[in-house]
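Okay, so here's the structure we're looking at.
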Amino acid sequence: MDQFSKLRKSWNMEIIEDIVIVGAGIAGLATALGLHRMGLKSLVLESSDSLRITGFAFLTWTNAWRALDALGIGSSLRQEHLPLQGKSWNMEIIEDIVIVGAGIAGLTTALGLHRTGLKSLVLESSDSLRITGFAFLTWTNAWRALDALGIGSSLRQEHLPLQGLVGGSTATGLSTAQISIKASAKCGDHEVRCVKRKLLLETLVKELPPDTIRFDSKVVSIEVTGNLKLVHLADGTILKTKVLIGCDGVNSVVGKWLGLQKPAFAGRWSVRGLTEFPDGHGFRPEFLQYFGDGFRSGFLPCDENTIYWFFTYSPSPENKGKEESASEMKEYVLSKLGNLPQEVASVVEKSKLDAVIASPLRFRWPWHLLWGDICKGNVCVAGDALHPMTPDLGQGACSALEDGVVLARCLGEALLEKTRGGAKEEEEYERMKKGMDKYARERRWRGIELITTAYVLGWIQQSDGKVINYLRDKWLSKRMAEMLLKKADFDCGKLYSPI
């Protein structure tokens, strides 16, 4: 006990305080912190000479976490304690907006909603972020979406701006077309970079509130109860939500519930790789593409030390079963690069095996989008769950970013609209439905256009027919490059900002 305390005890001092709290336990300290957060000072009296720890631990249920969040200390405590999954508890959790899938579409939608003042919960079936590819072309439309989300500037600092598109022949290795990405009368003003997928996902997560993502949350079924949806998870948890958004990829559980047909196999596979050059790669900031002989390949610098590459092919008895082996796929790609310049082919040679993956290409038939339900009441899909497409247009991830911004804006405008006499359940549901319908109208035809264009471009680019090869190399190569820029000249608009 300090000297002042001893003197105060013996002097019978009179102290004046506005608020006195007796007991420095959980209730006393929580009350004191709550008052402090509101700008009020209090004095806590504790009979012992230090904090009394009268127990070891206690169960902290949902109501407690809501209180801790209100006090501003929930996040730090979560970092020190495991969330209990409770497989046998059949817990029921109530959320306003649930997003299935922590990919580009899901995280973009969550961030867009957060920017408009709406909270969402993202369900991810794996135990961490799934990085299903290495990098992707980020066209002008994607940068407009990233700027709307407020993360464009930070990503620009990490990636080189590409200055041109170069098309070439696999058979000869010669250039067949070159086009500048700078402003032109035909294609407009463009910004194109090759963005690392991992960096984009991590940037999106950093901007989201803590605990927006719930990992190890595999959706097994969806049920309807009135205007709400019950989302059943594999661990027995049941989420009751007002809005359900499926961003769960080509095998979407939400898409299946909506009645959308399963995506079709395009008859082609894609091999993708990322090559690191510690001392710099020396390539010009250009998108190199080579076509012909039944193959299509591309090489894009992400920054001064990294190049992303891809190779698409049609399966045959020659390569059957090789997809499971990175070393065999790498050798197969090298054997099919034809007469590409040695410095280009060396990019594949220098790729490490853990940076090479192969996957089948899938797409949704355009008429399934035209006639199918992409939203139903308060349920919808986005990203690959909505419009899976072949990669020939380079718009898969870019259009997912568009989806997220448009969906967040449509929901924000609907849910943040002032309601006369308070938000009654039925009226709120009708507003959510209105927002979903608006999203579907805006995205349906955009998806149809991108899927169709990508499929046709892929057929022309990868064809091994003599007539198509001649027409492509002599006349179509430049037009195809211009088509890439034309489809990228799209503006998804800004986010809705509440007043």
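In the structure tokens, chains take the letters A, B, ... in the order shown, each chain's residues start at 1, and ligands count up from 1 in the order shown.
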Could you pull out the residues in stretch 263-309 of chain A that DSSP calls strand (DSSP E or B) from the backbone, as a PDB file with all heavy atoms, in the first residue's frame?
```
ATOM      1  N   ALA A 264     -20.966 -26.083 -67.898  1.00  0.00           N
ATOM      2  CA  ALA A 264     -20.545 -27.111 -68.845  1.00  0.00           C
ATOM      3  C   ALA A 264     -19.027 -27.109 -69.014  1.00  0.00           C
ATOM      4  O   ALA A 264     -18.375 -26.070 -68.847  1.00  0.00           O
ATOM      5  CB  ALA A 264     -21.216 -26.870 -70.192  1.00  0.00           C
ATOM      6  N   PHE A 265     -18.474 -28.264 -69.345  1.00  0.00           N
ATOM      7  CA  PHE A 265     -17.047 -28.373 -69.651  1.00  0.00           C
ATOM      8  C   PHE A 265     -16.812 -27.807 -71.047  1.00  0.00           C
ATOM      9  O   PHE A 265     -17.486 -28.171 -72.009  1.00  0.00           O
ATOM     10  CB  PHE A 265     -16.609 -29.836 -69.575  1.00  0.00           C
ATOM     11  CG  PHE A 265     -15.183 -30.080 -69.988  1.00  0.00           C
ATOM     12  CD1 PHE A 265     -14.155 -29.291 -69.498  1.00  0.00           C
ATOM     13  CD2 PHE A 265     -14.875 -31.107 -70.873  1.00  0.00           C
ATOM     14  CE1 PHE A 265     -12.836 -29.517 -69.872  1.00  0.00           C
ATOM     15  CE2 PHE A 265     -13.567 -31.341 -71.258  1.00  0.00           C
ATOM     16  CZ  PHE A 265     -12.548 -30.547 -70.755  1.00  0.00           C
ATOM     17  N   ALA A 266     -15.848 -26.896 -71.183  1.00  0.00           N
ATOM     18  CA  ALA A 266     -15.598 -26.216 -72.453  1.00  0.00           C
ATOM     19  C   ALA A 266     -14.799 -27.060 -73.442  1.00  0.00           C
ATOM     20  O   ALA A 266     -14.556 -26.628 -74.571  1.00  0.00           O
ATOM     21  CB  ALA A 266     -14.870 -24.895 -72.200  1.00  0.00           C
ATOM     22  N   GLY A 267     -14.361 -28.245 -73.004  1.00  0.00           N
ATOM     23  CA  GLY A 267     -13.555 -29.086 -73.889  1.00  0.00           C
ATOM     24  C   GLY A 267     -12.082 -28.707 -73.888  1.00  0.00           C
ATOM     25  O   GLY A 267     -11.309 -29.164 -74.732  1.00  0.00           O
ATOM     26  N   ARG A 268     -11.680 -27.861 -72.941  1.00  0.00           N
ATOM     27  CA  ARG A 268     -10.291 -27.415 -72.870  1.00  0.00           C
ATOM     28  C   ARG A 268      -9.809 -27.378 -71.419  1.00  0.00           C
ATOM     29  O   ARG A 268     -10.612 -27.301 -70.498  1.00  0.00           O
ATOM     30  CB  ARG A 268     -10.139 -26.014 -73.479  1.00  0.00           C
ATOM     31  CG  ARG A 268     -10.452 -25.937 -74.963  1.00  0.00           C
ATOM     32  CD  ARG A 268     -10.107 -24.561 -75.507  1.00  0.00           C
ATOM     33  NE  ARG A 268     -10.992 -23.529 -74.989  1.00  0.00           N
ATOM     34  CZ  ARG A 268     -10.638 -22.261 -74.826  1.00  0.00           C
ATOM     35  NH1 ARG A 268      -9.398 -21.874 -75.071  1.00  0.00           N
ATOM     36  NH2 ARG A 268     -11.504 -21.370 -74.384  1.00  0.00           N
ATOM     37  N   TRP A 269      -8.513 -27.424 -71.263  1.00  0.00           N
ATOM     38  CA  TRP A 269      -7.879 -27.287 -69.960  1.00  0.00           C
ATOM     39  C   TRP A 269      -6.965 -26.073 -69.967  1.00  0.00           C
ATOM     40  O   TRP A 269      -6.553 -25.601 -71.027  1.00  0.00           O
ATOM     41  CB  TRP A 269      -7.043 -28.531 -69.621  1.00  0.00           C
ATOM     42  CG  TRP A 269      -7.851 -29.656 -69.054  1.00  0.00           C
ATOM     43  CD1 TRP A 269      -8.778 -30.413 -69.718  1.00  0.00           C
ATOM     44  CD2 TRP A 269      -7.802 -30.155 -67.726  1.00  0.00           C
ATOM     45  NE1 TRP A 269      -9.308 -31.355 -68.875  1.00  0.00           N
ATOM     46  CE2 TRP A 269      -8.721 -31.228 -67.645  1.00  0.00           C
ATOM     47  CE3 TRP A 269      -7.070 -29.826 -66.588  1.00  0.00           C
ATOM     48  CZ2 TRP A 269      -8.927 -31.945 -66.479  1.00  0.00           C
ATOM     49  CZ3 TRP A 269      -7.268 -30.544 -65.418  1.00  0.00           C
ATOM     50  CH2 TRP A 269      -8.199 -31.586 -65.368  1.00  0.00           C
ATOM     51  N   SER A 270      -6.638 -25.594 -68.787  1.00  0.00           N
ATOM     52  CA  SER A 270      -5.714 -24.473 -68.645  1.00  0.00           C
ATOM     53  C   SER A 270      -4.609 -24.838 -67.663  1.00  0.00           C
ATOM     54  O   SER A 270      -4.867 -25.424 -66.606  1.00  0.00           O
ATOM     55  CB  SER A 270      -6.453 -23.235 -68.135  1.00  0.00           C
ATOM     56  OG  SER A 270      -5.543 -22.192 -67.856  1.00  0.00           O
ATOM     57  N   VAL A 271      -3.384 -24.523 -68.029  1.00  0.00           N
ATOM     58  CA  VAL A 271      -2.237 -24.659 -67.130  1.00  0.00           C
ATOM     59  C   VAL A 271      -1.771 -23.243 -66.809  1.00  0.00           C
ATOM     60  O   VAL A 271      -1.605 -22.417 -67.712  1.00  0.00           O
ATOM     61  CB  VAL A 271      -1.081 -25.452 -67.777  1.00  0.00           C
ATOM     62  CG1 VAL A 271       0.037 -25.681 -66.763  1.00  0.00           C
ATOM     63  CG2 VAL A 271      -1.581 -26.783 -68.323  1.00  0.00           C
ATOM     64  N   ARG A 272      -1.580 -22.955 -65.518  1.00  0.00           N
ATOM     65  CA  ARG A 272      -1.164 -21.621 -65.104  1.00  0.00           C
ATOM     66  C   ARG A 272       0.064 -21.699 -64.215  1.00  0.00           C
ATOM     67  O   ARG A 272       0.235 -22.671 -63.474  1.00  0.00           O
ATOM     68  CB  ARG A 272      -2.298 -20.925 -64.342  1.00  0.00           C
ATOM     69  CG  ARG A 272      -3.489 -20.565 -65.197  1.00  0.00           C
ATOM     70  CD  ARG A 272      -4.685 -20.210 -64.361  1.00  0.00           C
ATOM     71  NE  ARG A 272      -5.273 -21.385 -63.738  1.00  0.00           N
ATOM     72  CZ  ARG A 272      -6.212 -21.343 -62.795  1.00  0.00           C
ATOM     73  NH1 ARG A 272      -6.632 -20.173 -62.352  1.00  0.00           N
ATOM     74  NH2 ARG A 272      -6.708 -22.458 -62.298  1.00  0.00           N
ATOM     75  N   GLY A 273       0.909 -20.684 -64.315  1.00  0.00           N
ATOM     76  CA  GLY A 273       2.121 -20.679 -63.509  1.00  0.00           C
ATOM     77  C   GLY A 273       2.584 -19.280 -63.165  1.00  0.00           C
ATOM     78  O   GLY A 273       2.166 -18.291 -63.781  1.00  0.00           O
ATOM     79  N   LEU A 274       3.422 -19.207 -62.157  1.00  0.00           N
ATOM     80  CA  LEU A 274       4.007 -17.935 -61.715  1.00  0.00           C
ATOM     81  C   LEU A 274       5.507 -18.152 -61.574  1.00  0.00           C
ATOM     82  O   LEU A 274       5.946 -19.090 -60.904  1.00  0.00           O
ATOM     83  CB  LEU A 274       3.395 -17.501 -60.386  1.00  0.00           C
ATOM     84  CG  LEU A 274       3.557 -16.029 -60.006  1.00  0.00           C
ATOM     85  CD1 LEU A 274       2.674 -15.156 -60.905  1.00  0.00           C
ATOM     86  CD2 LEU A 274       3.166 -15.799 -58.551  1.00  0.00           C
ATOM     87  N   THR A 275       6.298 -17.302 -62.221  1.00  0.00           N
ATOM     88  CA  THR A 275       7.751 -17.454 -62.197  1.00  0.00           C
ATOM     89  C   THR A 275       8.395 -16.230 -61.558  1.00  0.00           C
ATOM     90  O   THR A 275       8.094 -15.099 -61.939  1.00  0.00           O
ATOM     91  CB  THR A 275       8.297 -17.638 -63.628  1.00  0.00           C
ATOM     92  OG1 THR A 275       7.578 -18.680 -64.285  1.00  0.00           O
ATOM     93  CG2 THR A 275       9.773 -18.006 -63.589  1.00  0.00           C
ATOM     94  N   GLU A 276       9.250 -16.475 -60.581  1.00  0.00           N
ATOM     95  CA  GLU A 276       9.946 -15.401 -59.880  1.00  0.00           C
ATOM     96  C   GLU A 276      11.362 -15.233 -60.444  1.00  0.00           C
ATOM     97  O   GLU A 276      12.070 -16.209 -60.683  1.00  0.00           O
ATOM     98  CB  GLU A 276      10.043 -15.711 -58.380  1.00  0.00           C
ATOM     99  CG  GLU A 276       8.696 -15.872 -57.682  1.00  0.00           C
ATOM    100  CD  GLU A 276       7.972 -14.542 -57.504  1.00  0.00           C
ATOM    101  OE1 GLU A 276       8.617 -13.488 -57.716  1.00  0.00           O
ATOM    102  OE2 GLU A 276       6.783 -14.558 -57.135  1.00  0.00           O
ATOM    103  N   GLU A 286       4.305  -5.601 -71.350  1.00  0.00           N
ATOM    104  CA  GLU A 286       3.346  -5.925 -72.404  1.00  0.00           C
ATOM    105  C   GLU A 286       2.696  -7.279 -72.133  1.00  0.00           C
ATOM    106  O   GLU A 286       3.284  -8.145 -71.486  1.00  0.00           O
ATOM    107  CB  GLU A 286       4.042  -5.970 -73.773  1.00  0.00           C
ATOM    108  CG  GLU A 286       4.613  -4.648 -74.233  1.00  0.00           C
ATOM    109  CD  GLU A 286       5.403  -4.771 -75.521  1.00  0.00           C
ATOM    110  OE1 GLU A 286       5.991  -5.857 -75.762  1.00  0.00           O
ATOM    111  OE2 GLU A 286       5.448  -3.787 -76.291  1.00  0.00           O
ATOM    112  N   PHE A 287       1.496  -7.446 -72.630  1.00  0.00           N
ATOM    113  CA  PHE A 287       0.770  -8.715 -72.571  1.00  0.00           C
ATOM    114  C   PHE A 287       1.074  -9.466 -73.860  1.00  0.00           C
ATOM    115  O   PHE A 287       0.635  -9.082 -74.942  1.00  0.00           O
ATOM    116  CB  PHE A 287      -0.735  -8.430 -72.424  1.00  0.00           C
ATOM    117  CG  PHE A 287      -1.610  -9.658 -72.484  1.00  0.00           C
ATOM    118  CD1 PHE A 287      -1.118 -10.944 -72.284  1.00  0.00           C
ATOM    119  CD2 PHE A 287      -2.977  -9.527 -72.746  1.00  0.00           C
ATOM    120  CE1 PHE A 287      -1.943 -12.062 -72.338  1.00  0.00           C
ATOM    121  CE2 PHE A 287      -3.806 -10.626 -72.808  1.00  0.00           C
ATOM    122  CZ  PHE A 287      -3.283 -11.902 -72.601  1.00  0.00           C
ATOM    123  N   LEU A 288       1.878 -10.548 -73.746  1.00  0.00           N
ATOM    124  CA  LEU A 288       2.235 -11.363 -74.900  1.00  0.00           C
ATOM    125  C   LEU A 288       1.275 -12.533 -75.028  1.00  0.00           C
ATOM    126  O   LEU A 288       1.075 -13.276 -74.058  1.00  0.00           O
ATOM    127  CB  LEU A 288       3.661 -11.897 -74.760  1.00  0.00           C
ATOM    128  CG  LEU A 288       4.792 -10.869 -74.571  1.00  0.00           C
ATOM    129  CD1 LEU A 288       6.115 -11.594 -74.390  1.00  0.00           C
ATOM    130  CD2 LEU A 288       4.852  -9.919 -75.760  1.00  0.00           C
ATOM    131  N   GLN A 289       0.688 -12.727 -76.215  1.00  0.00           N
ATOM    132  CA  GLN A 289      -0.202 -13.853 -76.476  1.00  0.00           C
ATOM    133  C   GLN A 289       0.232 -14.557 -77.751  1.00  0.00           C
ATOM    134  O   GLN A 289       0.579 -13.890 -78.734  1.00  0.00           O
ATOM    135  CB  GLN A 289      -1.654 -13.387 -76.659  1.00  0.00           C
ATOM    136  CG  GLN A 289      -2.435 -13.215 -75.388  1.00  0.00           C
ATOM    137  CD  GLN A 289      -3.927 -13.210 -75.632  1.00  0.00           C
ATOM    138  OE1 GLN A 289      -4.612 -14.190 -75.373  1.00  0.00           O
ATOM    139  NE2 GLN A 289      -4.447 -12.118 -76.145  1.00  0.00           N
ATOM    140  N   TYR A 290       0.197 -15.895 -77.730  1.00  0.00           N
ATOM    141  CA  TYR A 290       0.529 -16.678 -78.919  1.00  0.00           C
ATOM    142  C   TYR A 290      -0.600 -17.664 -79.199  1.00  0.00           C
ATOM    143  O   TYR A 290      -1.118 -18.314 -78.273  1.00  0.00           O
ATOM    144  CB  TYR A 290       1.858 -17.416 -78.704  1.00  0.00           C
ATOM    145  CG  TYR A 290       3.031 -16.483 -78.561  1.00  0.00           C
ATOM    146  CD1 TYR A 290       3.426 -16.020 -77.300  1.00  0.00           C
ATOM    147  CD2 TYR A 290       3.729 -16.030 -79.681  1.00  0.00           C
ATOM    148  CE1 TYR A 290       4.491 -15.142 -77.163  1.00  0.00           C
ATOM    149  CE2 TYR A 290       4.793 -15.144 -79.550  1.00  0.00           C
ATOM    150  CZ  TYR A 290       5.173 -14.710 -78.290  1.00  0.00           C
ATOM    151  OH  TYR A 290       6.217 -13.835 -78.156  1.00  0.00           O
ATOM    152  N   PHE A 291      -0.972 -17.763 -80.491  1.00  0.00           N
ATOM    153  CA  PHE A 291      -2.098 -18.606 -80.894  1.00  0.00           C
ATOM    154  C   PHE A 291      -1.668 -19.607 -81.958  1.00  0.00           C
ATOM    155  O   PHE A 291      -0.674 -19.413 -82.651  1.00  0.00           O
ATOM    156  CB  PHE A 291      -3.233 -17.763 -81.497  1.00  0.00           C
ATOM    157  CG  PHE A 291      -3.528 -16.496 -80.746  1.00  0.00           C
ATOM    158  CD1 PHE A 291      -3.301 -15.257 -81.335  1.00  0.00           C
ATOM    159  CD2 PHE A 291      -4.031 -16.536 -79.462  1.00  0.00           C
ATOM    160  CE1 PHE A 291      -3.576 -14.081 -80.667  1.00  0.00           C
ATOM    161  CE2 PHE A 291      -4.304 -15.374 -78.777  1.00  0.00           C
ATOM    162  CZ  PHE A 291      -4.082 -14.133 -79.379  1.00  0.00           C
ATOM    163  N   GLY A 292      -2.516 -20.648 -82.091  1.00  0.00           N
ATOM    164  CA  GLY A 292      -2.358 -21.562 -83.213  1.00  0.00           C
ATOM    165  C   GLY A 292      -1.936 -22.957 -82.813  1.00  0.00           C
ATOM    166  O   GLY A 292      -1.523 -23.217 -81.676  1.00  0.00           O
ATOM    167  N   PHE A 295      -3.383 -24.479 -79.596  1.00  0.00           N
ATOM    168  CA  PHE A 295      -2.966 -24.018 -78.277  1.00  0.00           C
ATOM    169  C   PHE A 295      -3.054 -22.496 -78.193  1.00  0.00           C
ATOM    170  O   PHE A 295      -3.084 -21.800 -79.207  1.00  0.00           O
ATOM    171  CB  PHE A 295      -1.534 -24.462 -77.971  1.00  0.00           C
ATOM    172  CG  PHE A 295      -1.295 -25.925 -78.175  1.00  0.00           C
ATOM    173  CD1 PHE A 295      -0.609 -26.373 -79.297  1.00  0.00           C
ATOM    174  CD2 PHE A 295      -1.779 -26.853 -77.272  1.00  0.00           C
ATOM    175  CE1 PHE A 295      -0.400 -27.719 -79.507  1.00  0.00           C
ATOM    176  CE2 PHE A 295      -1.583 -28.201 -77.466  1.00  0.00           C
ATOM    177  CZ  PHE A 295      -0.890 -28.642 -78.590  1.00  0.00           C
ATOM    178  N   ARG A 296      -3.079 -22.007 -76.956  1.00  0.00           N
ATOM    179  CA  ARG A 296      -3.053 -20.569 -76.696  1.00  0.00           C
ATOM    180  C   ARG A 296      -2.213 -20.343 -75.452  1.00  0.00           C
ATOM    181  O   ARG A 296      -2.391 -21.043 -74.439  1.00  0.00           O
ATOM    182  CB  ARG A 296      -4.469 -20.044 -76.478  1.00  0.00           C
ATOM    183  CG  ARG A 296      -4.557 -18.600 -75.992  1.00  0.00           C
ATOM    184  CD  ARG A 296      -6.009 -18.155 -75.857  1.00  0.00           C
ATOM    185  NE  ARG A 296      -6.116 -16.852 -75.205  1.00  0.00           N
ATOM    186  CZ  ARG A 296      -6.383 -16.678 -73.909  1.00  0.00           C
ATOM    187  NH1 ARG A 296      -6.575 -17.728 -73.136  1.00  0.00           N
ATOM    188  NH2 ARG A 296      -6.461 -15.477 -73.402  1.00  0.00           N
ATOM    189  N   SER A 297      -1.282 -19.402 -75.512  1.00  0.00           N
ATOM    190  CA  SER A 297      -0.434 -19.133 -74.347  1.00  0.00           C
ATOM    191  C   SER A 297      -0.298 -17.634 -74.146  1.00  0.00           C
ATOM    192  O   SER A 297      -0.492 -16.844 -75.073  1.00  0.00           O
ATOM    193  CB  SER A 297       0.954 -19.765 -74.523  1.00  0.00           C
ATOM    194  OG  SER A 297       1.582 -19.275 -75.699  1.00  0.00           O
ATOM    195  N   GLY A 298       0.016 -17.247 -72.926  1.00  0.00           N
ATOM    196  CA  GLY A 298       0.153 -15.832 -72.612  1.00  0.00           C
ATOM    197  C   GLY A 298       1.170 -15.612 -71.508  1.00  0.00           C
ATOM    198  O   GLY A 298       1.372 -16.483 -70.646  1.00  0.00           O
ATOM    199  N   PHE A 299       1.831 -14.454 -71.534  1.00  0.00           N
ATOM    200  CA  PHE A 299       2.879 -14.116 -70.573  1.00  0.00           C
ATOM    201  C   PHE A 299       2.708 -12.660 -70.162  1.00  0.00           C
ATOM    202  O   PHE A 299       2.678 -11.767 -71.013  1.00  0.00           O
ATOM    203  CB  PHE A 299       4.255 -14.351 -71.194  1.00  0.00           C
ATOM    204  CG  PHE A 299       4.456 -15.764 -71.681  1.00  0.00           C
ATOM    205  CD1 PHE A 299       3.999 -16.143 -72.939  1.00  0.00           C
ATOM    206  CD2 PHE A 299       5.049 -16.713 -70.876  1.00  0.00           C
ATOM    207  CE1 PHE A 299       4.144 -17.449 -73.394  1.00  0.00           C
ATOM    208  CE2 PHE A 299       5.207 -18.025 -71.317  1.00  0.00           C
ATOM    209  CZ  PHE A 299       4.752 -18.382 -72.581  1.00  0.00           C
ATOM    210  N   LEU A 300       2.598 -12.424 -68.833  1.00  0.00           N
ATOM    211  CA  LEU A 300       2.305 -11.073 -68.340  1.00  0.00           C
ATOM    212  C   LEU A 300       3.161 -10.758 -67.115  1.00  0.00           C
ATOM    213  O   LEU A 300       3.137 -11.503 -66.134  1.00  0.00           O
ATOM    214  CB  LEU A 300       0.838 -10.945 -67.922  1.00  0.00           C
ATOM    215  CG  LEU A 300      -0.224 -11.359 -68.927  1.00  0.00           C
ATOM    216  CD1 LEU A 300      -0.691 -12.785 -68.647  1.00  0.00           C
ATOM    217  CD2 LEU A 300      -1.412 -10.436 -68.830  1.00  0.00           C
ATOM    218  N   PRO A 301       3.916  -9.669 -67.143  1.00  0.00           N
ATOM    219  CA  PRO A 301       4.655  -9.263 -65.940  1.00  0.00           C
ATOM    220  C   PRO A 301       3.723  -8.654 -64.892  1.00  0.00           C
ATOM    221  O   PRO A 301       2.898  -7.800 -65.222  1.00  0.00           O
ATOM    222  CB  PRO A 301       5.650  -8.225 -66.478  1.00  0.00           C
ATOM    223  CG  PRO A 301       5.042  -7.699 -67.727  1.00  0.00           C
ATOM    224  CD  PRO A 301       4.208  -8.801 -68.293  1.00  0.00           C
ATOM    225  N   THR A 306       8.304 -10.697 -61.250  1.00  0.00           N
ATOM    226  CA  THR A 306       7.346 -11.800 -61.356  1.00  0.00           C
ATOM    227  C   THR A 306       6.636 -11.781 -62.697  1.00  0.00           C
ATOM    228  O   THR A 306       6.182 -10.731 -63.152  1.00  0.00           O
ATOM    229  CB  THR A 306       6.288 -11.706 -60.232  1.00  0.00           C
ATOM    230  OG1 THR A 306       6.940 -11.499 -58.985  1.00  0.00           O
ATOM    231  CG2 THR A 306       5.468 -12.982 -60.163  1.00  0.00           C
ATOM    232  N   ILE A 307       6.525 -12.960 -63.311  1.00  0.00           N
ATOM    233  CA  ILE A 307       5.756 -13.105 -64.549  1.00  0.00           C
ATOM    234  C   ILE A 307       4.733 -14.214 -64.372  1.00  0.00           C
ATOM    235  O   ILE A 307       5.050 -15.320 -63.911  1.00  0.00           O
ATOM    236  CB  ILE A 307       6.664 -13.417 -65.762  1.00  0.00           C
ATOM    237  CG1 ILE A 307       7.509 -12.189 -66.119  1.00  0.00           C
ATOM    238  CG2 ILE A 307       5.841 -13.844 -66.973  1.00  0.00           C
ATOM    239  CD1 ILE A 307       8.375 -12.360 -67.338  1.00  0.00           C
ATOM    240  N   TYR A 308       3.501 -13.909 -64.728  1.00  0.00           N
ATOM    241  CA  TYR A 308       2.409 -14.880 -64.722  1.00  0.00           C
ATOM    242  C   TYR A 308       2.258 -15.411 -66.146  1.00  0.00           C
ATOM    243  O   TYR A 308       2.329 -14.649 -67.119  1.00  0.00           O
ATOM    244  CB  TYR A 308       1.119 -14.204 -64.262  1.00  0.00           C
ATOM    245  CG  TYR A 308      -0.138 -15.022 -64.473  1.00  0.00           C
ATOM    246  CD1 TYR A 308      -0.348 -16.206 -63.769  1.00  0.00           C
ATOM    247  CD2 TYR A 308      -1.112 -14.611 -65.382  1.00  0.00           C
ATOM    248  CE1 TYR A 308      -1.499 -16.955 -63.961  1.00  0.00           C
ATOM    249  CE2 TYR A 308      -2.263 -15.353 -65.576  1.00  0.00           C
ATOM    250  CZ  TYR A 308      -2.453 -16.515 -64.865  1.00  0.00           C
ATOM    251  OH  TYR A 308      -3.588 -17.258 -65.058  1.00  0.00           O
ATOM    252  N   TRP A 309       2.069 -16.726 -66.303  1.00  0.00           N
ATOM    253  CA  TRP A 309       1.872 -17.299 -67.624  1.00  0.00           C
ATOM    254  C   TRP A 309       0.726 -18.307 -67.619  1.00  0.00           C
ATOM    255  O   TRP A 309       0.358 -18.852 -66.572  1.00  0.00           O
ATOM    256  CB  TRP A 309       3.161 -17.958 -68.141  1.00  0.00           C
ATOM    257  CG  TRP A 309       3.687 -19.101 -67.289  1.00  0.00           C
ATOM    258  CD1 TRP A 309       4.598 -19.009 -66.277  1.00  0.00           C
ATOM    259  CD2 TRP A 309       3.328 -20.491 -67.386  1.00  0.00           C
ATOM    260  NE1 TRP A 309       4.839 -20.249 -65.724  1.00  0.00           N
ATOM    261  CE2 TRP A 309       4.070 -21.184 -66.391  1.00  0.00           C
ATOM    262  CE3 TRP A 309       2.475 -21.215 -68.195  1.00  0.00           C
ATOM    263  CZ2 TRP A 309       3.984 -22.560 -66.204  1.00  0.00           C
ATOM    264  CZ3 TRP A 309       2.372 -22.598 -68.014  1.00  0.00           C
ATOM    265  CH2 TRP A 309       3.121 -23.244 -67.031  1.00  0.00           C
TER     266      TRP A 309
END
```
Discussion item. As a VMD selection string, please: the residues near stretch 225-240 of chain A (cut-off 12 Å, only C-alpha atoms, same-chain neighbours under 2 positions excluded).
Written reply: chain A and resid 84 to 100 121 to 126 214 to 223 242 to 246 253 to 254 257 376 to 379 425 to 430 432 to 433
Practice prompt. Could you tell me which of A:Gly55, A:Tyr439, A:Asn339, A:Arg156 comes closest to A:Trp143 if we count only C-alpha atoms?
Written response: A:Arg156
Discussion item. Need to verify the contact set: stretch 486-496 of chain A, 8 Å, only C-alpha atoms, exclusion of same-chain residues closer than 2 positions in sequence. Can you return it as number ranges by chain?
Written reply: A: 112, 115-116, 139-141, 144-145, 148-149, 187-188, 190, 395, 402, 405-406, 408-409, 412-413, 450, 482-484, 498
Practice prompt. Per DSSP on the backbone, filter stretch 230-295 of chain A down to the residues in helix (DSSP H, G or I) and report them as a PyMOL selection string.
Written response: chain A and resi 253-258
